[in-house]
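Contents: one structure, followed by commentary.
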Amino acid sequence: MSYFLFIVYFIIICWFITRIRFFRASGLDNKILLILFTIKVIAGIINGWINSHYYTGTDNWAFHNEGIDEYHLLFSQPKEYFLNLFTSYHNHSYGRLMDTTDSFWNDLRTNMIAKLLSIFDIISNCNFYINTLFYNFLVFFGVVSLYRVFKEIFPFTKNAVIISVFLLPSFIYFTSGIHRDGLILLGIGIVCFNMFRIVRHQEITFKKILYTVLGLLLVFLLRNFVFITLCPALIAWVVAEKSNRNVLLRFCVVYTIFALLFFSIKYMHPKLNLPEYVSERQLEFIKLSENSPSGININPLFPNFRSFLNNTPQALNHSLMRPYITEKSSWVYFISAAEILAYEILFLLFLLQYKKNQSNDPFIYFGLFFTLSMFLIIGYTIPIIGAIVRYRSIYLPFLIAPLLCQVNFKKIIF
C-alpha cells in the first residue's frame with residue numbers, strides 16, 4: 001500500500017511541478033524539471049535509508065517519530081495540538097532567544113518540523129518516505145528560486161548553473177533529507193529570489209516584500225545565527241545595487257561596520273553579547289564531539305577580537321578544506337574529501353582561465369560574503385567533520401556557481 005501511495009503522490013506532484021507558474025518561469029523544460037526533482041527525491045530516500053541502517057538516533061528519524069506523536073495528538077487532543085507550538089514550558093518563558101538549552105526558541109526549531117511532518121502524516125499514513133517526497137516538493141521551491149537568480153546573472157551558461165544549483169553532491173544529499181537544512185535553503189532561496197526582483201527589477205510590491213519577510217522569518221526560527229549572518233550580506237547587497245562601481249569596496253565598508261557592531265554591541269546591551277554566544281556554541285559542540293567518531297581538535301574560542309582573529313585561519317581551513325583526501329576513515333570521508341578536492345581544482349581553473357568580461361554583479365559578492373561568513377561561524381564552532389560537511393553544504397552553490405560559470409573551459413580544452 002505504501003509503495004502504491006508513494007507512486008500516486010509522486011505522479012501528482014510531478015503534474016503540479018509542470019503546471020505551477022513559478023517552475024514554468026524558470027525556463028527549464030518540464031522534462032529537466034522532473035528529472036531534477038526525481039534526483040532530489042532519490043537523494044532524500046537514500047539519506048533516510050542510510051540514517052536508518054548505518055546510524056542510530058539520527059535527527060531525521062527522530063523528527064519522523066515526533067511527527068507521528070503530533071499526528072496522534074491532533075486527533076486525541078486537538079486543542080493541545082494547535083496550541084503547543086506557541087506554548088513555553090521553560091522557566092525562562094520566552095526568553096533566552098540565543099540559547100541552545102532550556103529555551104523555547106531552541107525547541108521551536110524541532111517542533112516546527114514535527115508539526116510539518118504531522119500534517120504530511122494525515123495523507124501519507126505516517127510513512128517516512130512519502131513524507132520525504134512532500135518535504136522535497138517544498139524545498140524544490142527554494143532550489144528553483146536560486147536557479148532563477150543565477151540563470152539571470154549567467155544567462156549563457158545554463159548547464160553550469162544547473163550543476164551548481166541542483167547537482168552538487170553534499171548539497172543535494174543534505175538538503176533532501178528531512179532536516180532543518182532543506183527548510184533553511186527554502187527560506188534563503190525565497191529571500192534571494194524576491195530581493196533580487198526588488199532591488200534589480202524594482203518590483204517593490206507587497207507580495208515580494210511579504211515573501212522576503214516570511215523567508216527571513218523561516219531562517220530566523222530554524223537557525224537564528226544564519227539570520228544574523230544573512231543581515232549584513234543583504235544590506236551590503238542593497239547598497240551595492242545602487243551602482244556597479246566599487247561593489248567590493250561597498251561590501252567591505254558594510255562588513256567593517258557590522259564587525260565593529262558584532263564586538264561592541266555588548267557594551268550597549270549586555271544581553272546581546274554575540275562573541276560570547278559563538279564561544280558558548282563552540283563549547284557545546286566540543287562536548288558533542290567527545291562521542292563522535294569524526295571529532296577533530298579545535299582551538300578554544302574566547303569572546304574577544306584577538307581570539308576570533310587568531311582562530312580565523314583554522315576556522316577557514318576546517319570549513320573549506322576538511323576532510324582531506326589523505327585522512328583515513330570510512331568511505332563517507334573519502335566521498336566528501338573527493339568533492340572538496342574537485343572544488344579546489346575548479347578554483348585553480350578559475351584562477352588560470354577566468355572570463356574577464358563577466359559582470360561585476362553585486363549578487364555574486366552577496367553570496368561570497370554571506371557564505372564565507374557562514375564558513376567562519378562553522379569553522380569557529382564545530383569540531384566534528386560530519387557536521388561541518390552537512391552545515392556548509394547549504395551554501396556551496398553561492399561559491400561554486402560563480403566559479404563554474406566563469407571558467408573558460410574552451411581555452412582549457414583546446
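Ligands are numbered from 1 in the order shown, chains are lettered A, B, ... in the order of the C-alpha cells, and residues start at 1 in each chain.
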
* Show which residues sit within 6 Å of Gly295 (chain A), as number ranges by chain. Count only C-alpha atoms, and ignore same-chain residues fewer than 5 positions away. => A: 289, 383-384

* alpha helix (DSSP H) per DSSP on the backbone: members of region 149-206 of chain A, as an MDAnalysis selection string -> chainID A and resid 149:153 158:166 169:176 180:201 206

Same residues, C-alpha atoms, saved as a short mmCIF file (atom, residue, chain, number, x, y, z; two decimals), in the first residue's frame:
```cif
data_model
loop_
_atom_site.label_atom_id
_atom_site.label_comp_id
_atom_site.auth_asym_id
_atom_site.auth_seq_id
_atom_site.Cartn_x
_atom_site.Cartn_y
_atom_site.Cartn_z
CA VAL A 149 18.62 34.22 -9.87
CA PHE A 150 21.85 32.62 -11.09
CA LYS A 151 20.35 31.97 -14.53
CA GLU A 152 19.69 35.69 -14.92
CA ILE A 153 23.25 36.55 -13.89
CA LYS A 158 22.68 27.25 -18.31
CA ASN A 159 24.22 23.81 -17.81
CA ALA A 160 26.83 25.15 -15.39
CA VAL A 161 24.09 26.82 -13.36
CA ILE A 162 22.06 23.60 -13.26
CA ILE A 163 25.06 21.64 -12.00
CA SER A 164 25.96 24.30 -9.42
CA VAL A 165 22.48 24.74 -8.00
CA PHE A 166 20.89 21.30 -8.34
CA PRO A 169 26.72 16.01 -4.13
CA SER A 170 26.72 17.12 -0.48
CA PHE A 171 24.25 19.92 -1.22
CA ILE A 172 21.65 17.64 -2.76
CA TYR A 173 22.20 14.89 -0.18
CA PHE A 174 21.81 17.01 2.95
CA THR A 175 19.08 19.33 1.70
CA SER A 176 16.97 16.37 0.53
CA ARG A 180 16.42 21.78 9.05
CA ASP A 181 18.90 22.20 6.20
CA GLY A 182 16.38 21.90 3.38
CA LEU A 183 13.93 24.29 5.03
CA ILE A 184 16.71 26.81 5.67
CA LEU A 185 17.59 26.52 1.98
CA LEU A 186 13.93 27.16 1.19
CA GLY A 187 14.00 30.33 3.28
CA ILE A 188 17.28 31.56 1.79
CA GLY A 189 16.07 30.80 -1.74
CA ILE A 190 12.83 32.73 -1.18
CA VAL A 191 14.75 35.70 0.24
CA CYS A 192 17.31 35.74 -2.59
CA PHE A 193 14.74 35.47 -5.37
CA ASN A 194 12.39 38.14 -4.04
CA MET A 195 15.17 40.52 -3.01
CA PHE A 196 16.64 40.13 -6.49
CA ARG A 197 13.31 41.10 -8.04
CA ILE A 198 13.01 44.04 -5.64
CA VAL A 199 16.49 45.56 -5.94
CA ARG A 200 17.33 44.58 -9.54
CA HIS A 201 13.95 44.94 -11.25
CA PHE A 206 3.51 43.90 -1.17
#
```

* Asked: Hey, which of A:Leu272, A:Val254, A:Ile50, A:Ile385 ends up closest to Pro323 (chain A)? Count only C-alpha atoms.
  ->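 With only C-alpha atoms as the atom set, the closest residue is A:Ile385.
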
Near Glu241 (chain A), counting only C-alpha atoms, which residues have an atom at most 12 Å away, once you skip same-chain residues fewer than 2 positions from it, shown as a compact mmCIF listing (two decimals) with C-alpha atoms, in the first residue's frame?
```txt
# COMPACT_ATOMS: atom_id res chain seq x y z
CA MET A 195 15.17 40.52 -3.01
CA PHE A 196 16.64 40.13 -6.49
CA ARG A 197 13.31 41.10 -8.04
CA ILE A 198 13.01 44.04 -5.64
CA VAL A 199 16.49 45.56 -5.94
CA ARG A 200 17.33 44.58 -9.54
CA HIS A 201 13.95 44.94 -11.25
CA GLN A 202 12.35 47.44 -8.87
CA LEU A 234 21.54 41.68 2.38
CA ILE A 235 22.25 45.27 3.45
CA ALA A 236 25.55 45.31 1.55
CA TRP A 237 23.76 43.89 -1.50
CA VAL A 238 21.12 46.64 -1.42
CA VAL A 239 23.80 49.32 -1.03
CA SER A 243 25.83 51.38 -8.62
CA ASN A 244 28.02 48.70 -10.17
CA ARG A 245 31.08 50.79 -9.35
CA ASN A 246 33.19 49.90 -6.31
CA VAL A 247 30.98 46.92 -5.44
CA LEU A 248 33.71 45.17 -3.46
CA ARG A 250 30.85 48.85 -0.62
CA PHE A 251 30.66 45.30 0.75
CA ASN A 360 30.77 42.61 -11.53
CA ASP A 361 27.40 41.53 -10.16
CA PRO A 362 26.51 42.53 -6.56
CA PHE A 363 24.65 39.25 -6.03
CA ILE A 364 27.89 37.32 -6.56
CA TYR A 365 29.51 39.37 -3.80
CA PHE A 366 26.43 38.85 -1.63
```

* What is the CA of Leu348 (chain A)-CA of Leu230 (chain A) distance in Å, reported with one decimal? -> 27.8 Å

* To do: Pick out the residues sitting within 10 Å of Ile325 (chain A), and hand them over as JSON, numbers by chain; count only C-alpha atoms, and ignore anything fewer than 6 positions along from it in its own chain.
  => {"A": [333, 334, 335, 336, 337, 338, 339, 340, 341]}

* In Å, how far is it from CA of Lys266 (chain A) to CA of Ile286 (chain A)? ->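 So the answer is 24.6 Å.
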
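CA of Ala387 (chain A) lies 15.0 Å from CA of Tyr324 (chain A).
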
* Asked: If we count only C-alpha atoms, what is near Lys115 (chain A) at a cut-off of 9 Å, once residues fewer than 5 positions away on the same chain are taken out, given as a PyMOL selection string?
  -> chain A and resi 66-67+70-71+81+85+110+120

Output C-alpha atoms for every residue in the selection just made, as a compact mmCIF listing (two decimals), in the first residue's frame.
```txt
# COMPACT_ATOMS: atom_id res chain seq x y z
CA GLU A 66 7.90 13.22 16.88
CA GLY A 67 5.72 13.99 13.87
CA GLU A 70 1.92 15.14 16.95
CA TYR A 71 -0.31 13.38 14.41
CA TYR A 81 -2.10 20.23 19.07
CA LEU A 85 3.75 25.07 19.19
CA THR A 110 12.40 20.91 16.25
CA PHE A 120 2.12 15.21 5.99
```

* Structure fact -> Closest of A:Ala62, A:Leu396, A:Leu133, A:Val332 to Thr38 (chain A), counting only C-alpha atoms, is A:Leu133

Contacts of Glu276 (chain A) within 8 Å, only C-alpha atoms, excl. fewer than 4 positions in-chain, as a tab-separated table (two decimals) with N, CA and C atoms, in the first residue's frame:
```tsv
chain	number	residue	atom	x	y	z
A	280	GLU	N	30.14	30.08	23.29
A	280	GLU	CA	29.36	29.07	24.00
A	280	GLU	C	28.92	27.95	23.06
A	302	PHE	N	37.59	32.39	22.55
A	302	PHE	CA	37.19	33.28	23.64
A	302	PHE	C	36.44	34.48	23.06
A	303	PRO	N	35.54	35.08	23.85
A	303	PRO	CA	34.69	36.16	23.31
A	303	PRO	C	35.40	37.51	23.20
```

* Asked: For Ser279 (chain A), which residue among A:Phe134, A:Tyr380, A:Phe370, A:Trp331 is the nearest when counting only C-alpha atoms?
  ->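 Closest to Ser279 (chain A), using only C-alpha atoms: A:Tyr380.
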